[in-house]
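**Q** Here's a structure for you.
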2 protein chains.
Amino acid sequence: MTIYFEDIEEGARRELGSYSFTAGEIKRFAEKFDPQPFHLDEEAARNSHFGGLAASGWHTASVFMKLQSRMIGELAPDVRKSGPSPGYRNLRWLKPVLAGDTLAYSTEVVSKRELASRPEWGIVFSHITAVNQRGELVFEFEGSVLFARRGAPSA
Amino acid sequence: MTIYFEDIEEGARRELGSYSFTAGEIKRFAEKFDPQPFHLDEEAARNSHFGGLAASGWHTASVFMKLQSRMIGELAPDVRKSGPSPGYRNLRWLKPVLAGDTLAYSTEVVSKRELASRPEWGIVFSHITAVNQRGELVFEFEGSVLFARRGAPSA
């Protein structure tokens with residue numbers, strides 16, 4: 001089964017799944033990509049504005065992609081039919097993600113349109129959110145992804 | 001030496017350094033956070049819209065943070081004086097980053113303002129860019145970071 005641009009409905013919402021941020025995972029990501037003390041060390045983190053060991057915001061974002069790519073693998077396994085994203089807008093880190101927090105990610109289709117310049121593709125805009133175990137919105141952004149149009153030649 | 005909000009000048013530009021995306025690094029990031037075939041396998045990638053093994057866009061973004069955090073460590077080692085980012089805008093992946101590419105990242109201060117709601121902090125807006133070894137702009141976004149104001153009580 002392959003999902004094409006025409007199959008995507010505005011308003012469609014999908015739960016992407018949950019992810020628990022352990023202290024070990026937070027530190028491993030931070031060592032590689034964001035080695036600031038409040039992402040690496042519990043004691044330094046307690047004395048920081050976060051008040052506890054906090055995940056890098058880029059870790060929170062990368063976990064979205066982890067869950068999203070699992071969905072893509074299920075829905076659009078033909079890599080020529082979906083995938084490229086030109087970018088996104090208005091990413092917000094609203095609350096800290098601390099060690100032990102579990103985030104539930106979801107995505108909702110906001111709008112879609114055909115591309116005049118590239119008739120074999122359409123673009124889909126989605127609102128991505130992550131909510132913690134207390135129901136607080138901690139992370140959101142407006143994403144965009146290209147999808148192949150049905151019957152169009154392969155890109 | 002600690003950098004405060006008052007020390008930051010609009011228009012100031014800083015080179016953050018370069019990073020070479022090896023096939024191994026691209027695959028290691030993808031295995032963990034973006035396991036799509038064009039980020040994992042050369043053969044699948046050649047047959048994809050990227051035409052070759054391509055770094056996850058979130059890898060490109062995380063490497064920005066790697067280079068930025070190195071600069072923060074040098075300029076603002078007191079973790080209570082800088083760090084939190086409320087989010088950013090208009091992130092664009094303009095061209096694929098392929099195995100073997102080297103990106104040079106830089107940041108330029110666009111504007112800054114005090115925060116009426118939180119007088120101990122100011123917010124600094126920057127334009128972040130990454131250019132490949134052919135001089136092509138491949139990645140950009142508009143970032144924001146909070147900085148402590150000089151003489152303000154610690155947050």
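Note on naming: chains are A, B, ... as they come in the structure tokens, residues start from 1 per chain, ligands start from 1 in the order shown.
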From the DSSP assignment of the backbone, select every residue of chain B that is alpha helix (DSSP H), and format the answer as an mmCIF file with C-alpha atoms, in the first residue's frame.

**A**
```cif
data_model
loop_
_atom_site.group_PDB
_atom_site.id
_atom_site.type_symbol
_atom_site.label_atom_id
_atom_site.label_comp_id
_atom_site.auth_asym_id
_atom_site.auth_seq_id
_atom_site.Cartn_x
_atom_site.Cartn_y
_atom_site.Cartn_z
ATOM 1 C CA ALA B 23 28.437 7.922 5.303
ATOM 2 C CA GLY B 24 28.971 6.330 8.709
ATOM 3 C CA GLU B 25 27.725 9.365 10.652
ATOM 4 C CA ILE B 26 24.732 9.768 8.332
ATOM 5 C CA LYS B 27 23.726 6.146 8.875
ATOM 6 C CA ARG B 28 24.293 6.211 12.647
ATOM 7 C CA PHE B 29 22.006 9.213 13.074
ATOM 8 C CA ALA B 30 19.409 7.716 10.738
ATOM 9 C CA GLU B 31 19.362 4.345 12.464
ATOM 10 C CA LYS B 32 18.420 6.080 15.682
ATOM 11 C CA PHE B 33 16.151 8.897 14.525
ATOM 12 C CA PRO B 37 16.057 4.001 3.149
ATOM 13 C CA PHE B 38 17.679 7.061 1.524
ATOM 14 C CA HIS B 39 19.427 7.847 4.837
ATOM 15 C CA LEU B 40 20.555 4.263 5.479
ATOM 16 C CA GLU B 42 23.597 3.752 -0.682
ATOM 17 C CA GLU B 43 21.755 1.654 -3.251
ATOM 18 C CA ALA B 44 18.283 2.704 -2.093
ATOM 19 C CA ALA B 45 19.491 6.304 -1.901
ATOM 20 C CA ARG B 46 20.745 6.273 -5.511
ATOM 21 C CA GLY B 57 17.467 17.040 7.847
ATOM 22 C CA TRP B 58 17.362 16.646 11.617
ATOM 23 C CA HIS B 59 20.993 15.548 11.527
ATOM 24 C CA THR B 60 21.879 18.740 9.646
ATOM 25 C CA ALA B 61 20.021 20.708 12.320
ATOM 26 C CA SER B 62 21.558 18.819 15.248
ATOM 27 C CA VAL B 63 25.060 19.499 13.905
ATOM 28 C CA PHE B 64 24.239 23.207 14.063
ATOM 29 C CA MET B 65 23.554 22.732 17.781
ATOM 30 C CA LYS B 66 26.816 20.819 18.175
ATOM 31 C CA LEU B 67 28.778 23.744 16.769
ATOM 32 C CA GLN B 68 26.649 26.360 18.538
ATOM 33 C CA SER B 69 27.070 24.664 21.924
ATOM 34 C CA ARG B 70 30.832 24.706 21.465
ATOM 35 C CA MET B 71 30.600 28.471 21.009
ATOM 36 C CA ILE B 72 28.271 28.820 24.014
ATOM 37 C CA GLY B 73 30.745 26.871 26.123
ATOM 38 C CA GLU B 74 33.448 29.361 25.202
ATOM 39 C CA LEU B 75 31.370 32.535 25.520
#
```

**Q** Any idea what's packed within 9 Å of Tyr88 in chain B, counting only C-alpha atoms, ignoring anything in its chain fewer than 3 positions away? Could you give it as a PyMOL selection string?

**A** (chain A and resi 89-93) or (chain B and resi 85+91+125+141-145)

**Q** List every residue of chain B that DSSP, applied to the backbone of this structure, assigns to strand (DSSP E), and report them as JSON, numbers by chain.

**A** {"B": [13, 14, 15, 16, 17, 18, 19, 20, 87, 88, 89, 90, 91, 92, 93, 102, 103, 104, 105, 106, 107, 108, 109, 110, 111, 112, 113, 114, 121, 122, 123, 124, 125, 126, 127, 128, 129, 130, 131, 137, 138, 139, 140, 141, 142, 143, 144, 145, 146, 147, 148]}

**Q** Contacts of Thr102 in chain B at 8 Å or less, counting only C-alpha atoms, minus same-chain residues fewer than 2 places along, as a PyMOL selection string?

**A** chain B and resi 18-21+100+104+132-133

**Q** Which value, in Å to one decimal, gives the distance between CA of Lys95 in chain B and CA of Arg134 in chain B?

**A**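 A separation of 11.7 Å between them.
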
**Q** Quick one: which range 82-116 of chain A residues come within 12 Å of range 1-11 of chain A, and what is the nearest atom pair for each with the distance in Å to one decimal, counting only C-alpha atoms, rows ordered by chain and ascending number, as JSON lines?

**A**
```
{"residue": "A:Ser82", "atom": "CA", "partner": "A:Tyr4", "partner_atom": "CA", "distance": 7.9}
{"residue": "A:Gly83", "atom": "CA", "partner": "A:Ile3", "partner_atom": "CA", "distance": 11.3}
{"residue": "A:Thr107", "atom": "CA", "partner": "A:Gly11", "partner_atom": "CA", "distance": 9.7}
{"residue": "A:Glu108", "atom": "CA", "partner": "A:Gly11", "partner_atom": "CA", "distance": 6.0}
{"residue": "A:Val109", "atom": "CA", "partner": "A:Gly11", "partner_atom": "CA", "distance": 5.0}
{"residue": "A:Val110", "atom": "CA", "partner": "A:Glu10", "partner_atom": "CA", "distance": 5.7}
{"residue": "A:Ser111", "atom": "CA", "partner": "A:Glu10", "partner_atom": "CA", "distance": 5.5}
{"residue": "A:Lys112", "atom": "CA", "partner": "A:Glu10", "partner_atom": "CA", "distance": 7.1}
{"residue": "A:Arg113", "atom": "CA", "partner": "A:Phe5", "partner_atom": "CA", "distance": 8.9}
{"residue": "A:Glu114", "atom": "CA", "partner": "A:Phe5", "partner_atom": "CA", "distance": 8.6}
{"residue": "A:Leu115", "atom": "CA", "partner": "A:Phe5", "partner_atom": "CA", "distance": 11.0}
```

**Q** With N, CA and C atoms retained, export the selected residues as an mmCIF file, in the first residue's frame.

**A**
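Result went into result.cif, see below:
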```
data_model
loop_
_atom_site.group_PDB
_atom_site.id
_atom_site.type_symbol
_atom_site.label_atom_id
_atom_site.label_comp_id
_atom_site.auth_asym_id
_atom_site.auth_seq_id
_atom_site.Cartn_x
_atom_site.Cartn_y
_atom_site.Cartn_z
ATOM 1 N N SER A 82 7.258 9.604 -1.305
ATOM 2 C CA SER A 82 7.112 10.575 -0.226
ATOM 3 C C SER A 82 8.460 10.828 0.403
ATOM 4 N N GLY A 83 8.501 11.779 1.283
ATOM 5 C CA GLY A 83 9.716 11.931 2.061
ATOM 6 C C GLY A 83 10.292 13.315 2.095
ATOM 7 N N THR A 107 0.146 14.211 14.817
ATOM 8 C CA THR A 107 0.221 15.069 13.640
ATOM 9 C C THR A 107 -1.167 15.212 13.049
ATOM 10 N N GLU A 108 -1.491 16.403 12.584
ATOM 11 C CA GLU A 108 -2.802 16.663 12.003
ATOM 12 C C GLU A 108 -2.619 17.444 10.704
ATOM 13 N N VAL A 109 -3.264 16.989 9.659
ATOM 14 C CA VAL A 109 -3.126 17.648 8.358
ATOM 15 C C VAL A 109 -3.887 18.974 8.392
ATOM 16 N N VAL A 110 -3.169 20.067 8.131
ATOM 17 C CA VAL A 110 -3.776 21.401 8.162
ATOM 18 C C VAL A 110 -4.262 21.794 6.769
ATOM 19 N N SER A 111 -3.429 21.560 5.765
ATOM 20 C CA SER A 111 -3.818 21.924 4.402
ATOM 21 C C SER A 111 -2.913 21.191 3.421
ATOM 22 N N LYS A 112 -3.296 21.205 2.160
ATOM 23 C CA LYS A 112 -2.481 20.591 1.110
ATOM 24 C C LYS A 112 -2.726 21.335 -0.193
ATOM 25 N N ARG A 113 -1.718 21.315 -1.056
ATOM 26 C CA ARG A 113 -1.926 21.932 -2.368
ATOM 27 C C ARG A 113 -0.975 21.317 -3.383
ATOM 28 N N GLU A 114 -1.395 21.401 -4.637
ATOM 29 C CA GLU A 114 -0.551 20.931 -5.732
ATOM 30 C C GLU A 114 0.566 21.947 -5.956
ATOM 31 N N LEU A 115 1.650 21.484 -6.586
ATOM 32 C CA LEU A 115 2.774 22.385 -6.864
ATOM 33 C C LEU A 115 2.794 22.697 -8.348
#
```
